[in-house]
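One file, coords20.cif, is given below (mmCIF, C-alpha atoms and all ligand atoms).
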```cif
data_model
#
loop_
_atom_site.group_PDB
_atom_site.id
_atom_site.type_symbol
_atom_site.label_atom_id
_atom_site.label_comp_id
_atom_site.auth_asym_id
_atom_site.auth_seq_id
_atom_site.Cartn_x
_atom_site.Cartn_y
_atom_site.Cartn_z
ATOM 1 C CA MET A 1 -15.950 -2.841 11.310
ATOM 2 C CA MET A 2 -16.245 -2.304 7.603
ATOM 3 C CA LYS A 3 -16.870 1.395 8.113
ATOM 4 C CA ASN A 4 -13.686 1.834 10.164
ATOM 5 C CA TYR A 5 -11.633 0.093 7.547
ATOM 6 C CA VAL A 6 -13.023 2.251 4.758
ATOM 7 C CA ASP A 7 -12.616 5.377 6.884
ATOM 8 C CA ALA A 8 -9.003 4.538 7.637
ATOM 9 C CA MET A 9 -8.307 3.900 3.981
ATOM 10 C CA ALA A 10 -9.967 7.137 2.882
ATOM 11 C CA ASP A 11 -8.075 9.070 5.561
ATOM 12 C CA ALA A 12 -4.754 7.586 4.536
ATOM 13 C CA LEU A 13 -5.467 8.402 0.920
ATOM 14 C CA VAL A 14 -6.416 12.008 1.545
ATOM 15 C CA ASP A 15 -3.538 12.578 3.975
ATOM 16 C CA VAL A 16 -0.856 11.409 1.598
ATOM 17 C CA LEU A 17 -2.173 13.600 -1.164
ATOM 18 C CA LYS A 18 -0.022 16.629 -1.672
ATOM 19 C CA TYR A 19 -3.091 18.789 -1.164
ATOM 20 C CA SER A 20 -3.097 18.440 2.615
ATOM 21 C CA ASP A 21 -0.371 19.834 4.898
ATOM 22 C CA SER A 22 1.037 16.643 6.429
ATOM 23 C CA SER A 23 3.161 18.615 8.924
ATOM 24 C CA VAL A 24 0.006 19.498 10.901
ATOM 25 C CA GLU A 25 -2.096 16.582 12.211
ATOM 26 C CA TRP A 26 -5.792 16.243 12.878
ATOM 27 C CA PRO A 27 -6.805 15.935 16.538
ATOM 28 C CA ASP A 28 -8.898 12.954 17.663
ATOM 29 C CA ILE A 29 -12.374 14.360 17.166
ATOM 30 C CA ASP A 30 -14.070 11.121 18.343
ATOM 31 C CA ASP A 31 -13.011 11.902 21.925
ATOM 32 C CA LEU A 32 -14.345 15.450 21.889
ATOM 33 C CA GLN A 33 -16.636 16.252 24.847
ATOM 34 C CA TYR A 34 -19.420 18.815 24.900
ATOM 35 C CA ASP A 35 -18.173 22.204 26.147
ATOM 36 C CA GLU A 36 -20.835 24.845 26.651
ATOM 37 C CA ALA A 37 -18.246 27.629 26.285
ATOM 38 C CA ILE A 38 -17.723 26.678 22.634
ATOM 39 C CA LYS A 39 -20.722 27.521 20.473
ATOM 40 C CA PRO A 40 -21.515 25.253 17.522
ATOM 41 C CA GLU A 41 -22.891 28.310 15.682
ATOM 42 C CA TRP A 42 -19.353 29.650 15.321
ATOM 43 C CA PHE A 43 -18.705 26.856 12.837
ATOM 44 C CA TYR A 44 -21.912 27.133 10.810
ATOM 45 C CA PRO A 45 -20.460 29.350 8.040
ATOM 46 C CA ALA A 46 -18.120 26.454 7.172
ATOM 47 C CA LEU A 47 -21.185 24.302 6.423
ATOM 48 C CA GLN A 48 -23.299 26.911 4.619
ATOM 49 C CA SER A 49 -23.330 28.605 1.237
ATOM 50 C CA GLU A 50 -20.854 31.469 1.604
ATOM 51 C CA GLY A 51 -17.309 31.851 0.292
ATOM 52 C CA GLU A 52 -15.741 30.305 3.370
ATOM 53 C CA SER A 53 -17.930 27.215 3.258
ATOM 54 C CA GLU A 54 -16.343 23.795 2.895
ATOM 55 C CA LEU A 55 -19.414 22.536 1.066
ATOM 56 C CA MET A 56 -19.203 25.400 -1.412
ATOM 57 C CA ALA A 57 -15.513 24.653 -1.949
ATOM 58 C CA ILE A 58 -16.290 20.987 -2.699
ATOM 59 C CA LEU A 59 -18.907 21.958 -5.295
ATOM 60 C CA GLN A 60 -16.709 24.639 -6.792
ATOM 61 C CA TYR A 61 -13.582 22.520 -7.149
ATOM 62 C CA THR A 62 -15.305 19.416 -8.490
ATOM 63 C CA GLN A 63 -17.129 21.495 -11.120
ATOM 64 C CA MET A 64 -14.006 23.484 -12.029
ATOM 65 C CA ALA A 65 -12.241 20.135 -12.543
ATOM 66 C CA GLY A 66 -14.865 19.223 -15.117
ATOM 67 C CA LEU A 67 -14.746 22.575 -16.880
ATOM 68 C CA TYR A 68 -10.981 23.157 -16.942
ATOM 69 C CA ASP A 69 -9.733 19.601 -16.736
ATOM 70 C CA GLU A 70 -6.626 19.960 -18.877
ATOM 71 C CA GLU A 71 -5.233 23.039 -17.163
ATOM 72 C CA ILE A 72 -6.184 22.579 -13.525
ATOM 73 C CA GLY A 73 -8.261 19.367 -13.261
ATOM 74 C CA ASP A 74 -5.909 17.356 -11.011
ATOM 75 C CA LEU A 75 -5.159 20.361 -8.821
ATOM 76 C CA VAL A 76 -8.743 21.394 -8.044
ATOM 77 C CA LEU A 77 -9.960 17.807 -7.696
ATOM 78 C CA GLY A 78 -7.159 16.966 -5.242
ATOM 79 C CA VAL A 79 -7.945 20.087 -3.216
ATOM 80 C CA GLY A 80 -11.671 19.217 -3.402
ATOM 81 C CA LEU A 81 -10.993 15.821 -1.778
ATOM 82 C CA VAL A 82 -9.280 17.548 1.142
ATOM 83 C CA GLU A 83 -12.253 19.926 1.471
ATOM 84 C CA MET A 84 -14.510 16.866 1.824
ATOM 85 C CA LYS A 85 -12.502 15.780 4.818
ATOM 86 C CA HIS A 86 -12.666 19.322 6.237
ATOM 87 C CA PHE A 87 -16.436 19.312 5.843
ATOM 88 C CA ALA A 88 -16.785 15.929 7.560
ATOM 89 C CA ASN A 89 -14.663 16.941 10.544
ATOM 90 C CA VAL A 90 -16.287 20.346 11.055
ATOM 91 C CA ARG A 91 -19.700 18.659 10.806
ATOM 92 C CA ASP A 92 -18.651 16.072 13.445
ATOM 93 C CA VAL A 93 -17.477 18.862 15.769
ATOM 94 C CA VAL A 94 -20.788 20.725 15.355
ATOM 95 C CA ILE A 95 -22.689 17.543 16.270
ATOM 96 C CA LYS A 96 -20.477 16.921 19.353
ATOM 97 C CA LEU A 97 -21.124 20.523 20.436
ATOM 98 C CA LYS A 98 -24.880 19.806 20.171
ATOM 99 C CA GLY A 99 -25.403 22.047 17.189
ATOM 100 C CA THR A 100 -27.614 21.357 14.213
ATOM 101 C CA ILE A 101 -26.363 20.978 10.680
ATOM 102 C CA PRO A 102 -27.436 23.998 8.594
ATOM 103 C CA GLN A 103 -30.151 23.531 5.999
ATOM 104 C CA PRO A 104 -29.411 22.520 2.403
ATOM 105 C CA LEU A 105 -26.996 24.642 0.490
ATOM 106 C CA ASN A 106 -28.140 27.434 -1.779
ATOM 107 C CA THR A 107 -25.753 27.209 -4.714
ATOM 108 C CA LYS A 108 -26.771 30.482 -6.361
ATOM 109 C CA LYS A 109 -23.464 32.016 -5.288
ATOM 110 C CA LEU A 110 -21.400 29.303 -6.913
ATOM 111 C CA GLU A 111 -18.772 30.987 -9.115
ATOM 112 C CA LEU A 112 -16.747 28.972 -11.598
ATOM 113 C CA GLY A 113 -15.112 31.643 -13.803
ATOM 114 C CA LYS A 114 -14.988 31.736 -17.599
ATOM 115 C CA ASN A 115 -11.578 30.068 -17.847
ATOM 116 C CA ALA A 116 -8.961 28.316 -15.714
ATOM 117 C CA GLY A 117 -7.269 31.603 -14.755
ATOM 118 C CA GLU A 118 -10.507 33.118 -13.471
ATOM 119 C CA ALA A 119 -11.299 29.871 -11.663
ATOM 120 C CA LEU A 120 -7.958 30.101 -9.852
ATOM 121 C CA VAL A 121 -8.521 33.748 -8.885
ATOM 122 C CA ILE A 122 -11.961 32.865 -7.461
ATOM 123 C CA SER A 123 -10.434 29.913 -5.628
ATOM 124 C CA ILE A 124 -7.657 32.068 -4.158
ATOM 125 C CA LYS A 125 -10.199 34.604 -2.869
ATOM 126 C CA ASN A 126 -12.276 31.854 -1.292
ATOM 127 C CA GLU A 127 -9.279 30.208 0.357
ATOM 128 C CA ILE A 128 -8.334 33.586 1.882
ATOM 129 C CA LEU A 129 -11.905 34.063 3.181
ATOM 130 C CA THR A 130 -11.792 30.560 4.615
ATOM 131 C CA ILE A 131 -8.479 31.123 6.421
ATOM 132 C CA GLN A 132 -9.787 34.411 7.834
ATOM 133 C CA PHE A 133 -12.988 32.707 8.938
ATOM 134 C CA TYR A 134 -11.129 29.948 10.848
ATOM 135 C CA GLU A 135 -8.835 32.569 12.405
ATOM 136 C CA SER A 136 -11.920 34.425 13.639
ATOM 137 C CA VAL A 137 -13.211 31.208 15.255
ATOM 138 C CA GLN A 138 -9.802 30.674 16.921
ATOM 139 C CA GLU A 139 -10.106 34.110 18.522
ATOM 140 C CA LYS A 140 -13.513 33.260 20.007
ATOM 141 C CA ILE A 141 -12.266 30.218 21.897
ATOM 142 C CA ALA A 142 -11.442 31.305 25.434
ATOM 143 C CA SER A 143 -12.158 27.971 27.144
ATOM 144 C CA GLN A 144 -9.139 26.074 28.530
ATOM 145 C CA SER A 145 -10.819 22.659 28.415
ATOM 146 C CA LYS A 146 -9.510 19.542 26.682
ATOM 147 C CA SER A 147 -12.250 20.013 24.099
ATOM 148 C CA ALA A 148 -11.072 23.542 23.424
ATOM 149 C CA LYS A 149 -7.552 22.194 22.826
ATOM 150 C CA THR A 150 -8.891 19.591 20.404
ATOM 151 C CA ILE A 151 -10.860 22.207 18.494
ATOM 152 C CA LEU A 152 -7.917 24.595 18.370
ATOM 153 C CA GLN A 153 -5.818 21.747 16.964
ATOM 154 C CA MET A 154 -8.494 21.123 14.337
ATOM 155 C CA LEU A 155 -8.482 24.818 13.418
ATOM 156 C CA ASP A 156 -4.681 24.746 13.092
ATOM 157 C CA LYS A 157 -5.002 21.794 10.741
ATOM 158 C CA LEU A 158 -7.751 23.440 8.670
ATOM 159 C CA ILE A 159 -5.753 26.673 8.371
ATOM 160 C CA ALA A 160 -2.596 24.744 7.411
ATOM 161 C CA ASP A 161 -4.465 22.918 4.651
ATOM 162 C CA GLU A 162 -6.186 26.069 3.347
ATOM 163 C CA SER A 163 -2.846 27.897 3.346
ATOM 164 C CA LEU A 164 -1.391 25.073 1.282
ATOM 165 C CA HIS A 165 -4.322 25.336 -1.153
ATOM 166 C CA LEU A 166 -3.720 29.069 -1.459
ATOM 167 C CA LYS A 167 -0.067 28.443 -2.215
ATOM 168 C CA LEU A 168 -0.794 25.709 -4.786
ATOM 169 C CA PHE A 169 -3.355 27.878 -6.604
ATOM 170 C CA TYR A 170 -1.032 30.879 -6.572
ATOM 171 C CA GLN A 171 1.881 28.822 -7.902
ATOM 172 C CA GLN A 172 -0.372 27.582 -10.695
ATOM 173 C CA LEU A 173 -1.315 31.203 -11.567
ATOM 174 C CA VAL A 174 2.394 32.096 -11.669
ATOM 175 C CA LYS A 175 3.024 29.124 -13.935
ATOM 176 C CA MET A 176 0.238 30.255 -16.267
ATOM 177 C CA LYS A 177 1.522 33.873 -16.094
ATOM 178 C CA LEU A 178 -1.873 35.105 -14.910
ATOM 179 C CA THR A 179 -1.002 36.803 -11.609
ATOM 180 C CA GLN A 180 -2.462 40.130 -12.751
ATOM 181 C CA GLY A 181 -5.807 38.691 -11.633
ATOM 182 C CA VAL A 182 -4.691 38.845 -7.994
ATOM 183 C CA GLU A 183 -2.759 42.141 -8.183
ATOM 184 C CA SER A 184 -5.297 43.872 -5.907
ATOM 185 C CA LEU A 185 -4.838 41.155 -3.272
ATOM 186 C CA LYS A 186 -1.087 41.581 -3.041
ATOM 187 C CA SER A 187 -0.807 42.570 0.626
ATOM 188 C CA THR A 188 -3.240 39.868 1.753
ATOM 189 C CA LEU A 189 -1.395 37.303 -0.310
ATOM 190 C CA THR A 190 1.970 38.294 1.132
ATOM 191 C CA ARG A 191 0.513 37.805 4.589
ATOM 192 C CA TYR A 192 -0.868 34.348 3.949
ATOM 193 C CA LEU A 193 1.395 32.877 1.338
ATOM 194 C CA LYS A 194 4.300 30.994 2.775
ATOM 195 C CA LEU A 195 6.231 30.731 -0.448
ATOM 196 C CA ASP A 196 9.483 28.764 -0.297
HETATM 197 FE FE FE B 201 -11.403 23.477 3.548
HETATM 198 FE FE FE B 202 -9.094 24.924 0.804
#
```
For this file, write the structure as structure tokens.
Amino acid sequence: MMKNYVDAMADALVDVLKYSDSSVEWPDIDDLQYDEAIKPEWFYPALQSEGESELMAILQYTQMAGLYDEEIGDLVLGVGLVEMKHFANVRDVVIKLKGTIPQPLNTKKLELGKNAGEALVISIKNEILTIQFYESVQEKIASQSKSAKTILQMLDKLIADESLHLKLFYQQLVKMKLTQGVESLKSTLTRYLKLD
């Protein structure tokens, strides 16, 4: 019982944070049934050591918070908390689909930048990779089952949150007058940024 209480509290906390898109809800992953048409391997990059990995994002944002606390500490730490929830849910889905959790992370590719501006540019690139990765998983799901619907809902939620992260990081770059760092990404940014 204790675990459920703590889980519920943690969920409530993370969901009210402005770093998660509260207009898109998580599906009930507990009820997910095994569906052989949905391969757990499709989700592995989210749990490994590449740019689109949730685990990598957690490490990156928590360390950036330590390095550039004054400028972007609250922002990256808040986003990092949401990434923890993403990791937990993707991991649960992989287990329900009878996959295995990938081996320990190789953090050699961890990039933190030399200052807050560089950290934001790196973060923006990784959020874009992550959105594109989840979109590619969406396209693979052809199954019409209830499980497929649940997973598609989870992917919608993940993409909504990552899009919000992209927007928050970009707005911070604008505020710091450092958008020249993402000049080369302009067309991609226009596609993914839903600026008010
Ligand atoms: Fe994430
Ligand atoms: Fe993110």
When the PyMOL selection byres (((chain A and resi 72-75) around 12) and not hetatm) is applied to the file above, which residues end up in the set, as a PyMOL selection string? chain A and resi 17-20+60-71+76-82+115-120+123+164-173+175-176
Residues from last step as file, C-alpha atoms, as a short mmCIF file (atom, residue, chain, number, x, y, z; two decimals), in the frame of the given file:
```cif
data_model
loop_
_atom_site.label_atom_id
_atom_site.label_comp_id
_atom_site.auth_asym_id
_atom_site.auth_seq_id
_atom_site.Cartn_x
_atom_site.Cartn_y
_atom_site.Cartn_z
CA LEU A 17 -2.17 13.60 -1.16
CA LYS A 18 -0.02 16.63 -1.67
CA TYR A 19 -3.09 18.79 -1.16
CA SER A 20 -3.10 18.44 2.62
CA GLN A 60 -16.71 24.64 -6.79
CA TYR A 61 -13.58 22.52 -7.15
CA THR A 62 -15.30 19.42 -8.49
CA GLN A 63 -17.13 21.50 -11.12
CA MET A 64 -14.01 23.48 -12.03
CA ALA A 65 -12.24 20.14 -12.54
CA GLY A 66 -14.86 19.22 -15.12
CA LEU A 67 -14.75 22.58 -16.88
CA TYR A 68 -10.98 23.16 -16.94
CA ASP A 69 -9.73 19.60 -16.74
CA GLU A 70 -6.63 19.96 -18.88
CA GLU A 71 -5.23 23.04 -17.16
CA VAL A 76 -8.74 21.39 -8.04
CA LEU A 77 -9.96 17.81 -7.70
CA GLY A 78 -7.16 16.97 -5.24
CA VAL A 79 -7.94 20.09 -3.22
CA GLY A 80 -11.67 19.22 -3.40
CA LEU A 81 -10.99 15.82 -1.78
CA VAL A 82 -9.28 17.55 1.14
CA ASN A 115 -11.58 30.07 -17.85
CA ALA A 116 -8.96 28.32 -15.71
CA GLY A 117 -7.27 31.60 -14.76
CA GLU A 118 -10.51 33.12 -13.47
CA ALA A 119 -11.30 29.87 -11.66
CA LEU A 120 -7.96 30.10 -9.85
CA SER A 123 -10.43 29.91 -5.63
CA LEU A 164 -1.39 25.07 1.28
CA HIS A 165 -4.32 25.34 -1.15
CA LEU A 166 -3.72 29.07 -1.46
CA LYS A 167 -0.07 28.44 -2.22
CA LEU A 168 -0.79 25.71 -4.79
CA PHE A 169 -3.36 27.88 -6.60
CA TYR A 170 -1.03 30.88 -6.57
CA GLN A 171 1.88 28.82 -7.90
CA GLN A 172 -0.37 27.58 -10.70
CA LEU A 173 -1.32 31.20 -11.57
CA LYS A 175 3.02 29.12 -13.94
CA MET A 176 0.24 30.26 -16.27
#
```
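Nearest to ligand FE 201 (chain B) of all the residues A:Phe43, A:Trp26, A:Phe87, A:Tyr192 is A:Phe87, counting only C-alpha atoms and all ligand atoms.
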Evaluating the PyMOL selection byres (((not hetatm)) within 6 of (chain B and resi 202)) on the displayed file yields which residues, as a PyMOL selection string? chain A and resi 83+127+162+165
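Computed from the coordinates, the CA of Ala88 in chain A to CA of Leu55 in chain A distance equals 9.6 Å.
The spacing separating CA of Gln144 in chain A from CA of Thr100 in chain A amounts to 23.8 Å.
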Closest of A:Ala37, A:Val182, A:Ile58, A:Val121 to ligand FE 201 (chain B), counting only C-alpha atoms and all ligand atoms, is A:Ile58
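Using all atoms listed in the file, the nearest neighbour of Ile128 in chain A within the list A:Leu185, A:Leu59, A:Ile95, A:Ala10 is A:Leu185.
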Hey, can you pull every residue with an atom no more than 12 Å from (-7.9, 31.7, 13.0), using all atoms listed in the file, and send it as a list in words? Trp42, Phe43, Ile128, Leu129, Thr130, Ile131, Gln132, Phe133, Tyr134, Glu135, Ser136, Val137, Gln138, Glu139, Lys140, Ile141, Ile151, Leu152, Gln153, Met154, Leu155, Asp156, Lys157, Leu158, Ile159, Ala160, Glu162, Ser163 and Tyr192 of chain A
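Candidate residues A:Lys85, A:Lys108, A:Lys96, A:Lys146 were compared for distance to ligand FE 201 (chain B), and the nearest is A:Lys85, using only C-alpha atoms and all ligand atoms.
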Pick out the closest residue to ligand FE 201 (chain B) from this set: A:Val90, A:Ile122, A:Leu178, A:Leu193. Count all atoms listed in the file. A:Val90
Which centre and which edge lengths, in Å to one decimal, describe the axis-aligned box that holds all listed atoms of range 80-97 of chain A after 3 Å is added on each side, as lines of an AutoDock Vina configuration file?
```
center_x = -16.0
center_y = 18.3
center_z = 8.5
size_x = 19.4
size_y = 10.9
size_z = 29.8
```
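Straight-line separation from atom FE of ligand FE 201 (chain B) to CA of Asp161 in chain A: 7.0 Å.
Here the question is which of A:Thr107, A:Ser145, A:Asn126, A:Ser22 gets nearest to ligand FE 201 (chain B) using only C-alpha atoms and all ligand atoms, and that residue is A:Asn126.
Put simply, the PyMOL selection byres (((chain A and resi 35) around 9) and not hetatm) on this file hits Leu32, Gln33, Tyr34, Glu36, Ala37, Ile38, Lys39, Lys96, Leu97, Ser143, Ser145, Ser147 and Ala148 of chain A.
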12 Å contact set for Leu105 in chain A, only C-alpha atoms, chain neighbours under 5 positions out, as a PyMOL selection string: chain A and resi 44-50+53-59+110
